[in-house]
$ cat input.txt   # compact mmCIF, C-alpha atoms
# COMPACT_ATOMS: atom_id res chain seq x y z
CA GLU A 1 -37.16 11.17 28.32
CA GLU A 2 -37.50 7.45 27.65
CA ALA A 3 -36.06 7.87 24.16
CA VAL A 4 -32.94 9.56 25.57
CA ASP A 5 -32.54 6.90 28.30
CA LEU A 6 -32.83 4.08 25.76
CA ALA A 7 -30.51 5.79 23.28
CA LEU A 8 -27.84 6.19 25.98
CA HIS A 9 -27.49 2.39 26.11
CA VAL A 10 -27.05 2.20 22.34
CA ASP A 11 -25.63 5.39 20.81
CA LEU A 12 -24.65 8.67 22.47
CA GLU A 13 -25.20 10.67 19.24
CA LEU A 14 -28.75 9.34 18.99
CA ALA A 15 -29.37 10.43 22.59
CA LYS A 16 -28.13 13.94 21.73
CA GLN A 17 -30.45 14.11 18.71
CA ASN A 18 -33.41 13.08 20.88
CA ALA A 19 -32.46 15.63 23.54
CA ASP A 20 -32.64 18.41 20.95
CA LYS A 21 -36.10 17.43 19.64
CA PRO A 22 -38.27 19.43 22.09
CA ASP A 23 -36.96 22.76 20.70
CA ASP A 24 -39.96 24.69 22.06
CA ASP A 25 -39.32 23.59 25.68
CA GLN A 26 -35.88 24.77 26.89
CA GLU A 27 -36.42 23.38 30.40
CA LEU A 28 -37.08 19.87 29.09
CA ARG A 29 -34.12 20.11 26.68
CA LYS A 30 -31.82 21.08 29.57
CA LYS A 31 -33.16 18.19 31.68
CA LEU A 32 -32.47 15.73 28.85
CA TRP A 33 -28.98 17.10 28.22
CA LEU A 34 -28.28 16.80 31.97
CA ARG A 35 -29.17 13.09 31.77
CA ILE A 36 -26.67 12.69 28.95
CA ALA A 37 -24.06 14.68 30.88
CA ARG A 38 -24.51 12.44 33.92
CA HIS A 39 -24.04 9.41 31.66
CA VAL A 40 -20.92 10.94 30.08
CA VAL A 41 -19.37 11.71 33.49
CA GLU A 42 -20.31 8.45 35.19
CA GLU A 43 -19.68 6.12 32.25
CA GLY A 44 -16.79 8.09 30.69
CA ASP A 45 -18.53 7.83 27.31
CA ALA A 46 -18.36 11.32 25.79
CA GLY A 47 -16.49 10.16 22.70
CA GLY A 48 -18.19 6.79 22.28
CA GLY A 49 -15.54 4.72 24.09
CA ALA A 50 -15.60 3.40 27.64
CA GLY A 51 -13.45 5.22 30.15
CA ALA A 52 -10.67 3.47 32.01
CA GLY A 53 -10.53 3.33 35.77
CA GLY A 54 -7.91 5.00 37.93
CA GLY A 55 -6.45 8.50 37.80
CA GLY A 56 -5.88 8.50 34.05
CA GLY A 57 -9.52 7.48 33.46
CA ALA A 58 -10.77 10.28 35.71
CA ASP A 59 -8.65 12.77 33.76
CA ARG A 60 -10.07 11.48 30.49
CA ASN A 61 -13.62 11.66 31.88
CA ILE A 62 -13.07 15.30 32.88
CA LYS A 63 -11.66 16.18 29.46
CA LYS A 64 -14.53 14.37 27.72
CA ALA A 65 -17.06 16.10 29.97
CA MET A 66 -15.51 19.49 29.13
CA GLN A 67 -15.76 18.64 25.41
CA PHE A 68 -19.37 17.59 25.97
CA LEU A 69 -20.13 20.97 27.58
CA LYS A 70 -19.18 22.72 24.34
CA GLN A 71 -21.80 20.68 22.45
CA CYS A 72 -24.79 22.05 24.39
CA GLU A 73 -25.35 25.78 24.89
CA LEU A 74 -27.88 25.06 27.70
CA LEU A 75 -25.37 23.51 30.13
CA LYS A 76 -22.69 25.27 32.16
CA ILE A 77 -19.86 23.86 34.24
CA GLU A 78 -21.86 24.31 37.46
CA ASP A 79 -24.60 22.06 36.05
CA ILE A 80 -22.33 19.04 35.70
CA LEU A 81 -20.03 19.53 38.72
CA PRO A 82 -22.40 17.56 41.03
CA PHE A 83 -21.96 14.48 38.81
CA PHE A 84 -18.23 14.22 39.62
CA PRO A 85 -16.93 12.44 42.71
CA ASP A 86 -15.89 14.64 45.67
CA PHE A 87 -12.19 13.73 45.30
CA VAL A 88 -11.83 15.22 41.81
CA LEU A 89 -9.29 18.03 41.96
CA ILE A 90 -10.49 21.57 41.27
CA ASP A 91 -7.36 21.94 39.14
CA ASP A 92 -8.95 19.62 36.59
CA PHE A 93 -11.77 22.14 36.12
CA LYS A 94 -9.68 25.30 36.26
CA GLU A 95 -9.93 26.12 32.58
CA ALA A 96 -13.68 25.42 32.39
CA ILE A 97 -14.40 27.40 35.57
CA CYS A 98 -12.34 30.37 34.33
CA SER A 99 -14.17 30.23 31.00
CA SER A 100 -17.52 30.11 32.81
CA LEU A 101 -16.55 33.06 35.01
CA ASN A 102 -15.50 35.03 31.92
CA ASP A 103 -18.88 34.27 30.33
CA TYR A 104 -20.67 35.48 33.47
CA ASN A 105 -18.53 38.59 33.55
CA ALA A 106 -19.38 39.36 29.92
CA HIS A 107 -23.07 38.79 30.67
CA ILE A 108 -22.91 41.12 33.68
CA GLN A 109 -21.16 43.79 31.61
CA GLY A 110 -23.91 43.45 29.00
CA LEU A 111 -26.58 43.84 31.70
CA LYS A 112 -24.80 46.92 33.06
CA ALA A 113 -24.74 48.46 29.58
CA ASP A 114 -28.47 47.70 29.21
CA MET A 115 -29.15 49.32 32.59
CA ARG A 116 -27.18 52.44 31.62
CA GLU A 117 -29.13 52.65 28.37
CA ALA A 118 -32.46 52.18 30.20
CA THR A 119 -31.50 54.86 32.74
CA ALA A 120 -30.61 57.30 29.95
CA SER A 121 -33.90 56.53 28.18
CA ALA A 122 -35.86 57.08 31.40
CA ARG A 123 -34.06 60.40 31.89
CA CYS A 124 -35.01 61.48 28.35
CA ILE A 125 -38.63 60.42 28.88
CA ARG A 126 -38.81 62.37 32.15
CA ALA A 127 -37.40 65.44 30.38
CA ASP A 128 -39.96 65.03 27.57
CA ILE A 129 -42.83 64.73 30.07
CA HIS A 130 -41.61 67.81 31.94
CA GLU A 131 -41.41 69.71 28.66
CA LEU A 132 -44.89 68.57 27.61
CA ARG A 133 -46.39 69.91 30.85
CA SER A 134 -45.48 73.43 29.84
CA LYS A 135 -46.56 73.00 26.21
CA HIS A 136 -49.94 74.12 25.00
CA GLY A 137 -51.87 74.02 21.79
CA PHE A 138 -54.69 75.98 20.25
CA VAL A 139 -57.82 74.45 18.77
CA ARG A 140 -60.08 76.53 16.56
CA ALA A 141 -63.80 75.90 16.27
CA SER A 142 -63.28 75.06 12.60
CA ASP A 143 -60.61 72.35 13.28
CA ARG A 144 -61.55 68.84 12.20
CA CYS A 145 -60.50 65.31 13.18
CA ALA A 146 -57.65 64.16 10.95
CA LEU A 147 -59.31 60.75 10.52
CA CYS A 148 -63.08 61.29 10.13
CA ASP A 149 -63.04 64.96 9.09
CA PHE A 150 -65.92 65.83 11.46
CA PRO A 151 -65.64 68.94 13.68
CA LEU A 152 -63.08 68.26 16.40
CA LEU A 153 -64.99 69.97 19.21
CA SER A 154 -68.05 67.72 18.75
CA ARG A 155 -66.51 64.92 20.89
CA GLN A 156 -63.59 64.12 23.19
CA PHE A 157 -60.35 64.63 21.28
CA TYR A 158 -56.57 64.37 21.56
CA LEU A 159 -54.21 67.08 20.38
CA PHE A 160 -50.64 65.92 19.81
CA PRO A 161 -47.48 68.07 20.03
CA CYS A 162 -47.22 67.86 16.22
CA GLN A 163 -50.61 69.64 16.12
CA HIS A 164 -52.47 66.63 14.70
CA ALA A 165 -55.85 66.23 16.39
CA PHE A 166 -58.12 63.18 16.54
CA HIS A 167 -61.39 62.21 18.15
CA GLY A 168 -60.72 59.67 20.89
CA GLU A 169 -62.87 56.97 19.26
CA CYS A 170 -61.35 57.56 15.81
CA LEU A 171 -57.84 57.22 17.22
CA ILE A 172 -58.72 54.00 19.06
CA ASP A 173 -60.32 52.48 15.95
CA GLU A 174 -57.28 53.39 13.85
CA VAL A 175 -54.76 51.98 16.34
CA GLN A 176 -56.64 48.72 16.99
CA GLY A 177 -56.06 47.56 13.43
CA HIS A 178 -52.32 47.43 14.19
CA LEU A 179 -52.56 45.50 17.49
CA ASP A 180 -52.63 41.80 18.24
CA ALA A 181 -55.28 40.22 20.53
CA VAL A 182 -53.26 40.71 23.74
CA GLN A 183 -52.52 44.36 22.97
CA ARG A 184 -56.20 44.98 22.10
CA GLN A 185 -57.17 43.55 25.50
CA GLN A 186 -54.62 45.79 27.23
CA MET A 187 -56.02 48.78 25.36
CA ALA A 188 -59.57 47.90 26.44
CA ASP A 189 -58.38 47.64 30.07
CA LEU A 190 -56.73 51.06 29.81
CA GLN A 191 -59.90 52.58 28.37
CA ARG A 192 -61.95 51.14 31.24
CA ARG A 193 -59.50 52.59 33.78
CA ILE A 194 -59.57 56.01 32.10
CA LYS A 195 -63.39 56.04 32.18
CA GLN A 196 -63.40 55.14 35.89
CA GLU A 197 -61.07 58.03 36.69

$ encode --input "input.txt" --output "structure tokens"
Amino acid sequence: EEAVDLALHVDLELAKQNADKPDDDQELRKKLWLRIARHVVEEGDAGGGAGAGGGGGADRNIKKAMQFLKQCELLKIEDILPFFPDFVLIDDFKEAICSSLNDYNAHIQGLKADMREATASARCIRADIHELRSKHGFVRASDRCALCDFPLLSRQFYLFPCQHAFHGECLIDEVQGHLDAVQRQQMADLQRRIKQE
């Protein structure tokens, strides 16, 4: 934060470079870019020059602030509006506000499409579960585990719709090799819950 504050007194581009350095912390990056945005609006320094006073200066500050918005994907028009004086005309922001509303609309349409897709997937899963309830399989005394080749009926086993059958422990051992630490922990929790039931 100090680096950005110091750079703002010297070089705006240097401040922008420093604001982008914490690339693993989006919240901090946004905070730093907001500091620069406040400086741009209040000092009228988006392009490196000082802003003039009066109505023309305010117009230039707004235009420079709108250009600044395009340089950082983290900031939206609503983030920098509080930095402007109350008497600034909404007309000056019309284009930026319309653009922001269009972005929100596109985002909402994307979310709606995702929701429709998730609903369709849930419907398919429910149909599959309903179908599985009426399915049955046959296990012969001679059937063996597909992994260890020991008799299937010697221990707890799982029979899949494709007719592959595995001992419970063999299946768990096989799957664990493909899981990361978090997934292995989740699997252990599930096993504990199954045993309790």

$ residues_around --input "input.txt" --residues "A:Glu2" --least-positions-apart "4" --cutoff "12 Å" --atoms "all atoms listed in the file" --output "ChimeraX atom specification"
/A:6-9,15,18-19,32,35

$ residues_around --input "input.txt" --residues "stretch 78-85 of chain A" --least-positions-apart "4" --cutoff "7 Å" --atoms "all atoms listed in the file" --output "VMD selection string"
chain A and resid 37 to 38 41

$ residues_around --input "input.txt" --residues "A:Leu147" --least-positions-apart "6" --cutoff "9 Å" --atoms "only C-alpha atoms" --output "list in words"
Ala165, Phe166, His167, Cys170, Leu171 and Glu174 of chain A

$ write_last_selection --input "input.txt" --atoms "C-alpha atoms" --output "JSON list (two decimals), in the frame of the given file"
[["chain", "number", "residue", "atom", "x", "y", "z"],
["A", 165, "ALA", "CA", -55.85, 66.23, 16.39],
["A", 166, "PHE", "CA", -58.12, 63.18, 16.54],
["A", 167, "HIS", "CA", -61.39, 62.21, 18.15],
["A", 170, "CYS", "CA", -61.35, 57.56, 15.81],
["A", 171, "LEU", "CA", -57.84, 57.22, 17.22],
["A", 174, "GLU", "CA", -57.28, 53.39, 13.85]]

$ atom_distance --input "input.txt" --atom1 "atom CA of A:Arg193" --atom2 "atom CA of A:Leu132"
22.5 Å

$ closest_residue --input "input.txt" --among "A:Ala3, A:Ala146, A:Ile97, A:Ile36" --to "A:Pro22" --atoms "all atoms listed in the file"
A:Ala3

$ atom_distance --input "input.txt" --atom1 "atom CA of A:Gln183" --atom2 "atom CA of A:Tyr158"
20.5 Å

$ atom_distance --input "input.txt" --atom1 "atom CA of A:Asp11" --atom2 "atom CA of A:Trp33"
14.3 Å

$ closest_residue --input "input.txt" --among "A:Ala127, A:Ile77, A:Phe138, A:Ser121" --to "A:Tyr104" --atoms "all atoms listed in the file"
A:Ile77
